[in-house]
Amino acid sequence: MENENMSAAPLLSKSNPVFCCYLFWSSLLILKMLFMALLTARQRIKTKSFANPEDLRVGRCTDVRFNDPNVERVRRAHRNDLENVLPFLLMSLAYVACSPHPLTAKMLIRIGASARLLHTIVYAVLPLPQPTRAICFFITFGIVCFEAIYVIICSIKYI
């Protein structure tokens with residue numbers, strides 16, 4: 001399953017266009033995840049829903065609130081990222097290290113990352129009815145499964 005064109009260049013270097021594609025899209029996903037924390041803070045301030053007593057001064061509130069639906073939606077989207085983006089990043093890195101076909105690898109990385117970006121938009125920013133969010137989820141889920149199977153097949157001879 002090794003690509004003969006990539007065998008001369010190190011797989012995890014900027015001379016590998018597949019790795020560069022991975023670097024670009026993983027950076028976007030990590031920035032998106034970081035901005036989810038800011039979006040949560042924005043929602044908390046906007047709705048005056050603070051979870052810690054020391055934060056009540058910010059919104060001039062008198063009580064701690066844990067049940068604002070807007071805050072909770074963003075928090076769930078952020079948690080969903082932690083549960084899905086991190087496996088995508090780790091598995092895609094392992095996949096790139098196995099020297100997959102460049103076009104296939106770049107398309108899987110682009111599609112998987114784009115689906116995660118869209119998932120956040122339709123979940124936390126501009127909520128759309130199902131199955132929009134589910135489709136975005138399963139696109140990346142399927143890609144991670146494919147990459148995992150590919151890595152297992154490439155590496156099973158070494159165990």
# chains A, B, ... in the order shown; residues from 1 in each chain; ligands from 1

$ residues_around --residues "region 37-48 of chain A" --least-positions-apart "2" --cutoff "6 Å" --atoms "only C-alpha atoms" --output "list in words"
Leu34, Phe35, Phe50, Gly59, Val71 and Val74 of chain A

$ closest_residue --among "A:Cys154, A:Ile30, A:Ile143, A:Arg75" --to "Lys106 (chain A)" --atoms "only C-alpha atoms"
A:Ile143

$ residues_around --residues "Thr132 (chain A)" --least-positions-apart "2" --cutoff "12 Å" --atoms "only C-alpha atoms" --output "PyMOL selection string"
chain A and resi 115-116+118-123+126-130+134-139

$ residues_around --residues "region 91-101 of chain A" --least-positions-apart "4" --cutoff "12 Å" --atoms "only C-alpha atoms" --output "PyMOL selection string"
chain A and resi 1-13+16-23+25-26+84-87+105-113+140-156

$ select_by_dssp --residues "chain A" --states "helix (DSSP H, G or I)" --output "JSON, numbers by chain"
{"A": [4, 5, 6, 17, 18, 19, 20, 21, 22, 23, 24, 25, 26, 27, 28, 29, 30, 31, 32, 33, 34, 35, 36, 37, 38, 39, 40, 41, 42, 43, 44, 45, 46, 47, 53, 54, 55, 56, 57, 58, 59, 69, 70, 71, 72, 73, 74, 75, 76, 77, 78, 79, 80, 81, 82, 83, 84, 85, 86, 87, 88, 89, 90, 91, 92, 93, 94, 95, 96, 97, 102, 103, 104, 105, 106, 107, 108, 109, 110, 111, 112, 113, 114, 115, 116, 117, 118, 119, 120, 121, 122, 123, 124, 125, 132, 133, 134, 135, 136, 137, 138, 139, 140, 141, 142, 143, 144, 145, 146, 147, 148, 149, 150, 151, 152, 153, 154, 155, 156, 157, 158]}

$ atom_distance --atom1 "CA of Leu117 (chain A)" --atom2 "CA of Leu29 (chain A)"
7.2 Å

$ decode --residues "region 121-132 of chain A" --atoms "all heavy atoms" --output "PDB file, in the first residue's frame"
ATOM      1  N   ILE A 121     -21.126  24.599  12.538  1.00  0.00           N
ATOM      2  CA  ILE A 121     -22.026  25.653  12.067  1.00  0.00           C
ATOM      3  C   ILE A 121     -23.484  25.246  12.255  1.00  0.00           C
ATOM      4  O   ILE A 121     -24.279  26.007  12.808  1.00  0.00           O
ATOM      5  CB  ILE A 121     -21.731  26.003  10.594  1.00  0.00           C
ATOM      6  CG1 ILE A 121     -20.359  26.685  10.495  1.00  0.00           C
ATOM      7  CG2 ILE A 121     -22.824  26.896  10.013  1.00  0.00           C
ATOM      8  CD1 ILE A 121     -19.832  26.824   9.090  1.00  0.00           C
ATOM      9  N   VAL A 122     -23.826  24.021  11.832  1.00  0.00           N
ATOM     10  CA  VAL A 122     -25.239  23.608  11.904  1.00  0.00           C
ATOM     11  C   VAL A 122     -25.654  23.173  13.301  1.00  0.00           C
ATOM     12  O   VAL A 122     -26.846  22.976  13.556  1.00  0.00           O
ATOM     13  CB  VAL A 122     -25.569  22.507  10.872  1.00  0.00           C
ATOM     14  CG1 VAL A 122     -25.262  22.988   9.454  1.00  0.00           C
ATOM     15  CG2 VAL A 122     -24.851  21.205  11.170  1.00  0.00           C
ATOM     16  N   TYR A 123     -24.694  23.037  14.211  1.00  0.00           N
ATOM     17  CA  TYR A 123     -25.012  22.656  15.581  1.00  0.00           C
ATOM     18  C   TYR A 123     -25.056  23.882  16.487  1.00  0.00           C
ATOM     19  O   TYR A 123     -26.020  24.092  17.224  1.00  0.00           O
ATOM     20  CB  TYR A 123     -23.977  21.653  16.092  1.00  0.00           C
ATOM     21  CG  TYR A 123     -24.348  20.876  17.337  1.00  0.00           C
ATOM     22  CD1 TYR A 123     -23.544  19.843  17.778  1.00  0.00           C
ATOM     23  CD2 TYR A 123     -25.486  21.146  18.077  1.00  0.00           C
ATOM     24  CE1 TYR A 123     -23.858  19.107  18.905  1.00  0.00           C
ATOM     25  CE2 TYR A 123     -25.814  20.422  19.208  1.00  0.00           C
ATOM     26  CZ  TYR A 123     -24.992  19.416  19.621  1.00  0.00           C
ATOM     27  OH  TYR A 123     -25.311  18.682  20.746  1.00  0.00           O
ATOM     28  N   ALA A 124     -24.018  24.723  16.434  1.00  0.00           N
ATOM     29  CA  ALA A 124     -23.867  25.780  17.431  1.00  0.00           C
ATOM     30  C   ALA A 124     -24.079  27.195  16.909  1.00  0.00           C
ATOM     31  O   ALA A 124     -24.371  28.087  17.683  1.00  0.00           O
ATOM     32  CB  ALA A 124     -22.476  25.683  18.055  1.00  0.00           C
ATOM     33  N   VAL A 125     -23.911  27.414  15.616  1.00  0.00           N
ATOM     34  CA  VAL A 125     -23.976  28.777  15.090  1.00  0.00           C
ATOM     35  C   VAL A 125     -25.326  29.061  14.440  1.00  0.00           C
ATOM     36  O   VAL A 125     -26.034  29.990  14.826  1.00  0.00           O
ATOM     37  CB  VAL A 125     -22.816  29.047  14.102  1.00  0.00           C
ATOM     38  CG1 VAL A 125     -22.867  30.460  13.559  1.00  0.00           C
ATOM     39  CG2 VAL A 125     -21.472  28.781  14.773  1.00  0.00           C
ATOM     40  N   LEU A 126     -25.680  28.270  13.447  1.00  0.00           N
ATOM     41  CA  LEU A 126     -26.965  28.390  12.749  1.00  0.00           C
ATOM     42  C   LEU A 126     -27.651  27.030  12.751  1.00  0.00           C
ATOM     43  O   LEU A 126     -27.594  26.303  11.750  1.00  0.00           O
ATOM     44  CB  LEU A 126     -26.752  28.857  11.301  1.00  0.00           C
ATOM     45  CG  LEU A 126     -26.076  30.209  11.109  1.00  0.00           C
ATOM     46  CD1 LEU A 126     -25.675  30.405   9.663  1.00  0.00           C
ATOM     47  CD2 LEU A 126     -26.997  31.329  11.567  1.00  0.00           C
ATOM     48  N   PRO A 127     -28.257  26.649  13.868  1.00  0.00           N
ATOM     49  CA  PRO A 127     -28.827  25.297  13.975  1.00  0.00           C
ATOM     50  C   PRO A 127     -29.806  24.973  12.845  1.00  0.00           C
ATOM     51  O   PRO A 127     -30.693  25.764  12.526  1.00  0.00           O
ATOM     52  CB  PRO A 127     -29.539  25.321  15.324  1.00  0.00           C
ATOM     53  CG  PRO A 127     -28.867  26.407  16.095  1.00  0.00           C
ATOM     54  CD  PRO A 127     -28.465  27.428  15.078  1.00  0.00           C
ATOM     55  N   LEU A 128     -29.584  23.822  12.237  1.00  0.00           N
ATOM     56  CA  LEU A 128     -30.461  23.321  11.183  1.00  0.00           C
ATOM     57  C   LEU A 128     -31.070  22.003  11.646  1.00  0.00           C
ATOM     58  O   LEU A 128     -30.485  21.301  12.471  1.00  0.00           O
ATOM     59  CB  LEU A 128     -29.673  23.101   9.887  1.00  0.00           C
ATOM     60  CG  LEU A 128     -29.138  24.352   9.193  1.00  0.00           C
ATOM     61  CD1 LEU A 128     -28.332  23.965   7.966  1.00  0.00           C
ATOM     62  CD2 LEU A 128     -30.268  25.302   8.807  1.00  0.00           C
ATOM     63  N   PRO A 129     -32.227  21.667  11.103  1.00  0.00           N
ATOM     64  CA  PRO A 129     -32.858  20.403  11.523  1.00  0.00           C
ATOM     65  C   PRO A 129     -32.053  19.191  11.070  1.00  0.00           C
ATOM     66  O   PRO A 129     -31.267  19.254  10.126  1.00  0.00           O
ATOM     67  CB  PRO A 129     -34.231  20.451  10.845  1.00  0.00           C
ATOM     68  CG  PRO A 129     -34.122  21.462   9.762  1.00  0.00           C
ATOM     69  CD  PRO A 129     -33.032  22.403  10.134  1.00  0.00           C
ATOM     70  N   GLN A 130     -32.265  18.090  11.781  1.00  0.00           N
ATOM     71  CA  GLN A 130     -31.658  16.827  11.370  1.00  0.00           C
ATOM     72  C   GLN A 130     -32.267  16.431  10.033  1.00  0.00           C
ATOM     73  O   GLN A 130     -33.367  16.830   9.727  1.00  0.00           O
ATOM     74  CB  GLN A 130     -31.935  15.735  12.416  1.00  0.00           C
ATOM     75  CG  GLN A 130     -31.156  15.923  13.690  1.00  0.00           C
ATOM     76  CD  GLN A 130     -29.677  15.578  13.541  1.00  0.00           C
ATOM     77  OE1 GLN A 130     -29.096  15.656  12.468  1.00  0.00           O
ATOM     78  NE2 GLN A 130     -29.051  15.228  14.640  1.00  0.00           N
ATOM     79  N   PRO A 131     -31.568  15.724   9.188  1.00  0.00           N
ATOM     80  CA  PRO A 131     -30.339  14.977   9.441  1.00  0.00           C
ATOM     81  C   PRO A 131     -29.061  15.738   9.104  1.00  0.00           C
ATOM     82  O   PRO A 131     -28.014  15.122   8.952  1.00  0.00           O
ATOM     83  CB  PRO A 131     -30.485  13.767   8.538  1.00  0.00           C
ATOM     84  CG  PRO A 131     -31.168  14.316   7.327  1.00  0.00           C
ATOM     85  CD  PRO A 131     -32.134  15.356   7.872  1.00  0.00           C
ATOM     86  N   THR A 132     -29.116  17.055   8.994  1.00  0.00           N
ATOM     87  CA  THR A 132     -27.934  17.824   8.593  1.00  0.00           C
ATOM     88  C   THR A 132     -26.737  17.530   9.480  1.00  0.00           C
ATOM     89  O   THR A 132     -25.645  17.208   8.994  1.00  0.00           O
ATOM     90  CB  THR A 132     -28.248  19.335   8.631  1.00  0.00           C
ATOM     91  OG1 THR A 132     -29.462  19.570   7.926  1.00  0.00           O
ATOM     92  CG2 THR A 132     -27.134  20.132   8.014  1.00  0.00           C
TER      93      THR A 132
END
